[in-house]
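Colleague: The structure's right below; bear with me while I get my questions together.
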Amino acid sequence: MKNYKKIDPKDEKAAEKSALNLIKYRARSEKELSSRLKEKGFDEEVIAKVVEKCKKSGLIDDKLFAYLYAYDKLTLDNKGPMFIQYELKRLGVDERLILEALEKVKSEVDINTIALELAKNYYEKTQDTLKTKAYLYRRGFEPDIINCVIEDLRGD
């Protein structure tokens with residue numbers, strides 16, 4: 001447990017303020033918000049009320065969070081679907097919502113193009129297709145995408 005200033009575990013207003021502070025910096029999943037409030041020492045009952053208030057007001061929405069997270073990780077960080085799925089699971093998002101978000105992102109973004117660009121850049125440095133495959137796998141791309149990209153690199 002981290003050292004936060006002494007709080008009243010039953011203080012709903014303080015819990016709301018903490019929740020808003022956390023959400024202010026970036027979107028959060030429901031589970032993530034709950035566990036962060038628990039870390040700060042708030043009571044389970046208070047946390048449940050605050051999380052429910054945040055859900056009702058639209059401040060936390062796991063479906064939207066999963067989509068935005070997946071889109072950003074893929075387009076900005078060039079992470080593959082397997083990596084994104086693992087991270088969202090770790091953040092407590094429901095599996096069904098994760099799969100829906102990934103399908104939506106896949107319909108909007110060409111994953112093969114992203115993987116191909118990454119592979120080209122990496123291959124230029126290493127000149128090794130096995131290392132390039134391993135690199136793409138570590139970034140979370142599926143084997144079928146990796147194989148297509150490697151074929152494109154070779155010109156097959």
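We label chains A, B, ... in the order they appear in the structure tokens, count residues from 1 in each chain, and number ligands from 1 in the order shown.
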What's around A:Ser29 at 8 Å? Count only C-alpha atoms, leave out sequence neighbours fewer than 6 positions away in its own chain, and write the answer as a list in words.
Modeller: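 My reading of the contact set: Ile60, Asp61, Asp62, Phe65, Leu91, Gly92 and Val93 of chain A.
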Colleague: Please provide the set of residues having any atom within 12 Å of stretch 12-17 of chain A, restricted to only C-alpha atoms, with same-chain residues fewer than 6 positions apart removed, written as JSON, numbers by chain.
Modeller: {"A": [5, 6, 23, 24, 33, 34, 36, 37, 38, 39, 40, 41, 42, 43, 44, 45, 46, 47, 48, 49, 50, 51, 52, 53, 54, 59]}
Colleague: So which residues touch A:Ile111 within 9 Å, counting only C-alpha atoms, skipping near sequence neighbours fewer than 5 positions away, as number ranges by chain?
Modeller: A: 74-75, 80-81, 106, 116, 141, 145
Colleague: Restricting the output to N, CA, C and O atoms, write the selected residues as a compact mmCIF listing (two decimals), in the first residue's frame.
Modeller:
# COMPACT_ATOMS: atom_id res chain seq x y z
N LEU A 74 -2.63 0.74 -31.12
CA LEU A 74 -2.32 0.27 -32.46
C LEU A 74 -1.75 1.38 -33.33
O LEU A 74 -0.70 1.21 -33.95
N THR A 75 -2.40 2.54 -33.34
CA THR A 75 -1.98 3.60 -34.25
C THR A 75 -0.82 4.45 -33.74
O THR A 75 0.00 4.90 -34.52
N GLY A 80 0.44 -4.71 -31.46
CA GLY A 80 -0.47 -5.62 -32.14
C GLY A 80 -1.66 -6.01 -31.29
O GLY A 80 -1.69 -5.77 -30.08
N PRO A 81 -2.65 -6.65 -31.93
CA PRO A 81 -3.88 -7.05 -31.24
C PRO A 81 -3.67 -7.95 -30.02
O PRO A 81 -4.37 -7.81 -29.02
N LYS A 106 -9.94 -2.96 -36.00
CA LYS A 106 -9.44 -3.68 -37.20
C LYS A 106 -10.21 -3.26 -38.45
O LYS A 106 -9.65 -3.27 -39.54
N LEU A 116 3.74 -4.15 -41.56
CA LEU A 116 4.71 -4.11 -42.66
C LEU A 116 5.72 -2.99 -42.47
O LEU A 116 6.92 -3.18 -42.67
N PHE A 141 1.64 -8.94 -32.63
CA PHE A 141 0.95 -9.25 -33.88
C PHE A 141 0.75 -10.76 -33.99
O PHE A 141 1.57 -11.54 -33.53
N ILE A 145 -0.65 -12.61 -39.58
CA ILE A 145 -0.25 -11.28 -40.06
C ILE A 145 1.26 -11.25 -40.26
O ILE A 145 1.76 -10.75 -41.28
Colleague: Write out as a PyMOL selection string all residues of chain A that backbone DSSP assigns to helix (DSSP H, G or I).
Modeller: chain A and resi 12-25+30-39+44-56+62-75+81-90+95-108+111-126+129-138+143-154
Colleague: A:Cys148, A:Ile7, A:Ala19, A:Ala66: which is nearest A:Thr113, counting only C-alpha atoms?
Modeller: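 Smallest distance to A:Thr113 is found for A:Cys148.
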